[in-house]
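Content type PDB, C-alpha atoms, from the file structure38.pdb:
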```pdb
MODEL        1
ATOM      1  CA  MET I  36     -17.753 -39.127 -14.481
ATOM      2  CA  GLY I  37     -15.049 -38.065 -11.958
ATOM      3  CA  VAL I  38     -15.475 -37.002  -8.378
ATOM      4  CA  ARG I  39     -15.742 -33.238  -8.044
ATOM      5  CA  ALA I  40     -13.593 -31.227  -5.648
ATOM      6  CA  VAL I  41     -15.546 -28.832  -3.429
ATOM      7  CA  LYS I  42     -14.414 -25.909  -1.278
ATOM      8  CA  HIS I  43     -14.392 -26.841   2.391
ATOM      9  CA  THR I  44     -13.850 -24.521   5.329
ATOM     10  CA  LEU I  45     -11.972 -26.223   8.150
ATOM     11  CA  SER I  46     -11.639 -24.830  11.657
ATOM     12  CA  ILE I  47      -8.533 -26.297  13.278
ATOM     13  CA  LEU I  48      -7.958 -25.646  16.967
ATOM     14  CA  VAL I  49      -4.245 -26.001  17.748
ATOM     15  CA  GLU I  50      -1.772 -25.373  20.542
ATOM     16  CA  ASN I  51      -0.326 -21.866  20.229
ATOM     17  CA  LYS I  52       3.282 -22.989  19.681
ATOM     18  CA  PRO I  53       6.007 -22.283  17.108
ATOM     19  CA  GLY I  54       5.999 -24.566  14.060
ATOM     20  CA  VAL I  55       2.350 -25.679  14.253
ATOM     21  CA  LEU I  56       1.313 -23.580  11.244
ATOM     22  CA  ALA I  57       4.172 -25.011   9.164
ATOM     23  CA  ARG I  58       3.223 -28.601  10.063
ATOM     24  CA  VAL I  59      -0.454 -28.088   9.223
ATOM     25  CA  ALA I  60       0.274 -26.247   5.949
ATOM     26  CA  GLY I  61       2.855 -28.922   5.087
ATOM     27  CA  LEU I  62       0.224 -31.642   5.448
ATOM     28  CA  PHE I  63      -1.924 -29.959   2.775
ATOM     29  CA  SER I  64       1.122 -29.371   0.575
ATOM     30  CA  ARG I  65       2.270 -33.016   0.766
ATOM     31  CA  ARG I  66      -1.178 -34.164  -0.350
ATOM     32  CA  GLY I  67      -1.096 -31.724  -3.281
ATOM     33  CA  PHE I  68      -3.958 -29.516  -2.060
ATOM     34  CA  ASN I  69      -3.846 -25.798  -2.681
ATOM     35  CA  ILE I  70      -4.977 -23.697   0.275
ATOM     36  CA  ASP I  71      -7.380 -21.010  -1.019
ATOM     37  CA  SER I  72      -7.467 -19.107   2.260
ATOM     38  CA  LEU I  73      -5.641 -19.352   5.586
ATOM     39  CA  ALA I  74      -6.228 -17.247   8.695
ATOM     40  CA  VAL I  75      -4.603 -17.930  12.061
ATOM     41  CA  ALA I  76      -4.894 -16.120  15.376
ATOM     42  CA  VAL I  77      -4.939 -16.745  19.091
ATOM     43  CA  THR I  78      -8.357 -17.631  20.568
ATOM     44  CA  GLU I  79     -10.058 -16.525  23.778
ATOM     45  CA  LYS I  80      -7.577 -18.902  25.466
ATOM     46  CA  PRO I  81      -4.004 -17.622  24.942
ATOM     47  CA  GLU I  82      -2.578 -21.155  24.807
ATOM     48  CA  LEU I  83      -4.757 -22.013  21.748
ATOM     49  CA  SER I  84      -4.921 -20.705  18.188
ATOM     50  CA  ARG I  85      -7.645 -21.203  15.600
ATOM     51  CA  MET I  86      -6.667 -21.862  12.004
ATOM     52  CA  THR I  87      -9.383 -21.345   9.410
ATOM     53  CA  VAL I  88      -8.417 -23.101   6.193
ATOM     54  CA  VAL I  89     -10.399 -23.029   2.938
ATOM     55  CA  VAL I  90      -9.325 -25.800   0.591
ATOM     56  CA  ASP I  91     -10.656 -27.528  -2.554
ATOM     57  CA  VAL I  92     -10.814 -31.263  -1.850
ATOM     58  CA  GLU I  93     -12.904 -34.253  -2.833
ATOM     59  CA  GLU I  94     -15.081 -35.702  -0.072
ATOM     60  CA  HIS I  95     -13.035 -38.911   0.370
ATOM     61  CA  SER I  96      -9.803 -36.885   0.518
ATOM     62  CA  LEU I  97     -11.329 -34.621   3.160
ATOM     63  CA  GLU I  98     -11.782 -37.629   5.467
ATOM     64  CA  GLN I  99      -8.088 -38.488   5.057
ATOM     65  CA  VAL I 100      -7.095 -34.876   5.769
ATOM     66  CA  HIS I 101      -9.200 -34.960   8.971
ATOM     67  CA  LYS I 102      -7.491 -38.158  10.108
ATOM     68  CA  GLN I 103      -3.996 -36.880   9.326
ATOM     69  CA  LEU I 104      -4.634 -33.516  11.000
ATOM     70  CA  ASN I 105      -5.896 -35.249  14.132
ATOM     71  CA  LYS I 106      -2.640 -37.281  14.251
ATOM     72  CA  LEU I 107      -0.556 -34.098  14.496
ATOM     73  CA  ILE I 108       0.519 -33.689  18.095
ATOM     74  CA  ASN I 109      -0.433 -29.999  18.470
ATOM     75  CA  VAL I 110      -3.886 -30.319  16.873
ATOM     76  CA  ILE I 111      -6.724 -30.263  19.422
ATOM     77  CA  LYS I 112      -9.833 -30.383  17.194
ATOM     78  CA  VAL I 113     -10.729 -30.301  13.485
ATOM     79  CA  THR I 114     -14.199 -29.175  12.397
ATOM     80  CA  ASP I 115     -15.647 -28.925   8.883
ATOM     81  CA  LEU I 116     -17.757 -25.751   8.725
ATOM     82  CA  PRO I 117     -20.360 -25.902   5.929
ATOM     83  CA  ALA I 118     -21.560 -22.420   4.907
ATOM     84  CA  GLU I 119     -25.149 -23.141   5.958
ATOM     85  CA  ASN I 120     -24.097 -24.085   9.527
ATOM     86  CA  SER I 121     -21.502 -21.397  10.167
ATOM     87  CA  VAL I 122     -20.811 -17.684  10.092
ATOM     88  CA  GLN I 123     -18.030 -16.972   7.571
ATOM     89  CA  ARG I 124     -16.466 -13.568   6.923
ATOM     90  CA  GLU I 125     -13.439 -12.049   5.264
ATOM     91  CA  LEU I 126     -11.974  -8.548   5.498
ATOM     92  CA  VAL I 127     -10.653  -6.903   2.326
ATOM     93  CA  LEU I 128      -8.921  -3.579   1.762
ATOM     94  CA  PHE I 129      -9.042  -2.014  -1.713
ATOM     95  CA  LYS I 130      -7.122   1.000  -2.945
ATOM     96  CA  VAL I 131      -9.201   2.488  -5.773
ATOM     97  CA  LYS I 132      -8.223   5.218  -8.258
ATOM     98  CA  THR I 133     -10.395   8.286  -7.989
ATOM     99  CA  ASN I 134     -10.671  11.871  -9.118
ATOM    100  CA  PRO I 135     -13.043  14.708  -8.183
ATOM    101  CA  ASN I 136     -15.605  13.421 -10.731
ATOM    102  CA  THR I 137     -15.683   9.796  -9.501
ATOM    103  CA  ARG I 138     -15.107  10.150  -5.740
ATOM    104  CA  ALA I 139     -18.821  10.551  -4.842
ATOM    105  CA  GLU I 140     -19.818   7.588  -7.056
ATOM    106  CA  ILE I 141     -17.274   5.300  -5.405
ATOM    107  CA  ILE I 142     -18.322   6.409  -1.908
ATOM    108  CA  GLU I 143     -21.974   5.703  -2.778
ATOM    109  CA  ILE I 144     -21.145   2.201  -4.066
ATOM    110  CA  VAL I 145     -19.105   1.445  -0.936
ATOM    111  CA  ASP I 146     -21.982   2.675   1.294
ATOM    112  CA  ILE I 147     -24.451   0.365  -0.475
ATOM    113  CA  PHE I 148     -22.210  -2.590   0.463
ATOM    114  CA  ARG I 149     -21.871  -1.299   4.045
ATOM    115  CA  GLY I 150     -18.176  -0.797   3.474
ATOM    116  CA  LYS I 151     -16.065   2.018   4.879
ATOM    117  CA  ILE I 152     -13.756   4.601   3.407
ATOM    118  CA  VAL I 153     -10.609   4.171   5.529
ATOM    119  CA  ASP I 154      -8.165   6.388   3.628
ATOM    120  CA  VAL I 155      -8.421   9.366   1.298
ATOM    121  CA  GLY I 156      -5.495  10.270  -0.933
ATOM    122  CA  SER I 157      -5.193  12.803  -3.736
ATOM    123  CA  GLY I 158      -5.845  10.152  -6.385
ATOM    124  CA  THR I 159      -7.096   7.140  -4.412
ATOM    125  CA  LEU I 160      -9.639   5.984  -1.844
ATOM    126  CA  GLY I 161      -8.970   3.236   0.685
ATOM    127  CA  VAL I 162     -11.994   0.960   1.033
ATOM    128  CA  GLU I 163     -12.679  -1.637   3.729
ATOM    129  CA  ILE I 164     -15.335  -4.329   3.379
ATOM    130  CA  THR I 165     -16.215  -7.316   5.509
ATOM    131  CA  GLY I 166     -18.459 -10.113   4.330
ATOM    132  CA  THR I 167     -18.852 -13.293   2.384
ATOM    133  CA  GLY I 168     -16.881 -14.059  -0.747
ATOM    134  CA  THR I 169     -19.943 -13.314  -2.884
ATOM    135  CA  LYS I 170     -20.428  -9.851  -1.378
ATOM    136  CA  ILE I 171     -16.738  -9.009  -1.717
ATOM    137  CA  LYS I 172     -16.633 -10.186  -5.342
ATOM    138  CA  ALA I 173     -19.691  -8.078  -6.185
ATOM    139  CA  LEU I 174     -18.083  -4.931  -4.750
ATOM    140  CA  GLU I 175     -14.782  -5.700  -6.465
ATOM    141  CA  ASP I 176     -16.583  -6.058  -9.819
ATOM    142  CA  LEU I 177     -18.177  -2.621  -9.354
ATOM    143  CA  LEU I 178     -14.875  -1.001  -8.326
ATOM    144  CA  LYS I 179     -12.785  -2.492 -11.171
ATOM    145  CA  PRO I 180     -13.905   0.039 -13.815
ATOM    146  CA  TYR I 181     -12.564   2.858 -11.603
ATOM    147  CA  GLY I 182      -9.219   1.071 -11.265
ATOM    148  CA  VAL I 183      -8.321  -1.151  -8.325
ATOM    149  CA  VAL I 184      -4.694  -0.248  -7.586
ATOM    150  CA  GLU I 185      -4.152  -2.722  -4.729
ATOM    151  CA  CYS I 186      -6.059  -5.310  -2.756
ATOM    152  CA  ALA I 187      -5.258  -7.065   0.547
ATOM    153  CA  ARG I 188      -7.374  -9.903   1.957
ATOM    154  CA  THR I 189      -7.333 -11.417   5.434
ATOM    155  CA  GLY I 190      -8.565 -14.849   4.432
ATOM    156  CA  MET I 191     -11.796 -16.406   5.616
ATOM    157  CA  VAL I 192     -12.564 -16.692   9.324
ATOM    158  CA  ALA I 193     -15.485 -18.791  10.502
ATOM    159  CA  LEU I 194     -17.293 -20.121  13.563
ATOM    160  CA  PRO I 195     -20.134 -22.626  13.861
ATOM    161  CA  ARG I 196     -23.625 -21.168  14.340
ATOM    162  CA  GLY I 197     -25.346 -21.399  17.710
TER     163      GLY I 197
ENDMDL
END
```
What do you get writing this file as structure tokens?
Amino acid sequence: MGVRAVKHTLSILVENKPGVLARVAGLFSRRGFNIDSLAVAVTEKPELSRMTVVVDVEEHSLEQVHKQLNKLINVIKVTDLPAENSVQRELVLFKVKTNPNTRAEIIEIVDIFRGKIVDVGSGTLGVEITGTGTKIKALEDLLKPYGVVECARTGMVALPRG
């Protein structure tokens, strides 16, 4: 029986300098790991950025990734953020087909998920939702029958609890 790859959320604190993102992403690429989600932005300290990376890796490979990331000159700290010990969220925008007969139904579904209507067009509604992957998938499944025209995702962001 083989070792199973598991999704891991890594928080990587790095110096806010050109080329750091390329070096970190390149490390995953060289090892043959596909990045499921990547979000990068400056932190409360302008000289630092936080990269949140979701990747499918086996446990022993994760240790190697940690070691190699820590060897990169611009990397300050690498933290594995298990779902049970962190707050993880993603923002998604959906453009959904609508007509006068379905508009109220779609708005009701979005309200149930605590989403927002952010745009109203003649034949579409713009929907915003923030939450876990499970919550987002559930809303997406309910919106699909109406016709999801477009979807844009930010990628997962996460912080440790406490």
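For the residues I:Gln103, I:Ser64, I:Thr159, I:Thr189, ranking by smallest atom-to-atom distance to Leu128 of chain I using all atoms listed in the file places I:Thr189 first.
Coordinates place atom CA of Lys130 of chain I at a distance of 5.9 Å from atom CA of Val183 of chain I.
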Inset, instruction - Dump as a ChimeraX atom specification all residues having an atom at most 6 Å from (-11.7, -30.2, 12.9), computed in the file's coordinates with all atoms listed in the file. - result: /I:46-47,112-115
Inset, instruction - Show which residues sit within 10 Å of Ile108 of chain I, as a ChimeraX atom specification. Count only C-alpha atoms, and ignore same-chain residues fewer than 4 positions away. - result: /I:49-50,55,58,104
Compile the contact shell of segment 80-90 of chain I as a PDB file with C-alpha atoms, keeping the file's coordinate frame: residues with an atom at most 10 Å away, counting all atoms listed in the file, same-chain residues fewer than 4 positions apart removed.
```pdb
ATOM      1  CA  ALA I  40     -13.593 -31.227  -5.648  1.00  0.00           C
ATOM      2  CA  VAL I  41     -15.546 -28.832  -3.429  1.00  0.00           C
ATOM      3  CA  LYS I  42     -14.414 -25.909  -1.278  1.00  0.00           C
ATOM      4  CA  HIS I  43     -14.392 -26.841   2.391  1.00  0.00           C
ATOM      5  CA  THR I  44     -13.850 -24.521   5.329  1.00  0.00           C
ATOM      6  CA  LEU I  45     -11.972 -26.223   8.150  1.00  0.00           C
ATOM      7  CA  SER I  46     -11.639 -24.830  11.657  1.00  0.00           C
ATOM      8  CA  ILE I  47      -8.533 -26.297  13.278  1.00  0.00           C
ATOM      9  CA  LEU I  48      -7.958 -25.646  16.967  1.00  0.00           C
ATOM     10  CA  VAL I  49      -4.245 -26.001  17.748  1.00  0.00           C
ATOM     11  CA  GLU I  50      -1.772 -25.373  20.542  1.00  0.00           C
ATOM     12  CA  ASN I  51      -0.326 -21.866  20.229  1.00  0.00           C
ATOM     13  CA  LYS I  52       3.282 -22.989  19.681  1.00  0.00           C
ATOM     14  CA  VAL I  55       2.350 -25.679  14.253  1.00  0.00           C
ATOM     15  CA  LEU I  56       1.313 -23.580  11.244  1.00  0.00           C
ATOM     16  CA  VAL I  59      -0.454 -28.088   9.223  1.00  0.00           C
ATOM     17  CA  ALA I  60       0.274 -26.247   5.949  1.00  0.00           C
ATOM     18  CA  PHE I  63      -1.924 -29.959   2.775  1.00  0.00           C
ATOM     19  CA  PHE I  68      -3.958 -29.516  -2.060  1.00  0.00           C
ATOM     20  CA  ASN I  69      -3.846 -25.798  -2.681  1.00  0.00           C
ATOM     21  CA  ILE I  70      -4.977 -23.697   0.275  1.00  0.00           C
ATOM     22  CA  ASP I  71      -7.380 -21.010  -1.019  1.00  0.00           C
ATOM     23  CA  SER I  72      -7.467 -19.107   2.260  1.00  0.00           C
ATOM     24  CA  LEU I  73      -5.641 -19.352   5.586  1.00  0.00           C
ATOM     25  CA  ALA I  74      -6.228 -17.247   8.695  1.00  0.00           C
ATOM     26  CA  VAL I  75      -4.603 -17.930  12.061  1.00  0.00           C
ATOM     27  CA  ALA I  76      -4.894 -16.120  15.376  1.00  0.00           C
ATOM     28  CA  LEU I  97     -11.329 -34.621   3.160  1.00  0.00           C
ATOM     29  CA  ASN I 109      -0.433 -29.999  18.470  1.00  0.00           C
ATOM     30  CA  VAL I 110      -3.886 -30.319  16.873  1.00  0.00           C
ATOM     31  CA  ILE I 111      -6.724 -30.263  19.422  1.00  0.00           C
ATOM     32  CA  LYS I 112      -9.833 -30.383  17.194  1.00  0.00           C
ATOM     33  CA  VAL I 113     -10.729 -30.301  13.485  1.00  0.00           C
ATOM     34  CA  THR I 114     -14.199 -29.175  12.397  1.00  0.00           C
ATOM     35  CA  ASP I 115     -15.647 -28.925   8.883  1.00  0.00           C
ATOM     36  CA  LEU I 116     -17.757 -25.751   8.725  1.00  0.00           C
ATOM     37  CA  GLN I 123     -18.030 -16.972   7.571  1.00  0.00           C
ATOM     38  CA  GLY I 190      -8.565 -14.849   4.432  1.00  0.00           C
ATOM     39  CA  MET I 191     -11.796 -16.406   5.616  1.00  0.00           C
ATOM     40  CA  VAL I 192     -12.564 -16.692   9.324  1.00  0.00           C
ATOM     41  CA  ALA I 193     -15.485 -18.791  10.502  1.00  0.00           C
ATOM     42  CA  LEU I 194     -17.293 -20.121  13.563  1.00  0.00           C
TER      43      LEU I 194
END
```
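One distance worth recording is that between atom CA of Pro135 of chain I and atom CA of Tyr181 of chain I, which is 12.3 Å.
Relative to atom CA of Ser96 of chain I, atom CA of Gly166 of chain I is found at 28.4 Å.
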Inset, instruction - List the neighbours of Asn120 of chain I out to 9 Å using only C-alpha atoms; skip same-chain residues closer than 5 positions along the sequence, and give me the result as a list in words. - result: Leu194, Pro195, Arg196 and Gly197 of chain I
Legend entry - Reference answer for the PyMOL selection byres ((chain I and resi 144-153) around 12), as a PyMOL selection string: chain I and resi 126-131+137-143+154-156+159-167+169-179+181
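Of the listed residues I:Glu94, I:Glu79, I:Gly67, I:Leu62, the one whose atoms come nearest to Leu107 of chain I is I:Leu62, with distances taken using all atoms listed in the file.
Of the listed residues I:Ala57, I:His95, I:Glu125, I:Lys132, the one whose atoms come nearest to Gly182 of chain I is I:Lys132, with distances taken using only C-alpha atoms.
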Centre, edges in Å (one decimal): axis-aligned box, segment 87-94 of chain I, 3 Å padding on all six sides, as AutoDock Vina command-line options:
```
--center_x -11.7 --center_y -28.5 --center_z 3.3 --size_x 12.7 --size_y 20.4 --size_z 18.2
```
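If all atoms listed in the file are the atoms counted, then among I:Arg66, I:Arg124, I:Lys106, I:Pro180 the closest residue to Asp91 of chain I is I:Arg66.
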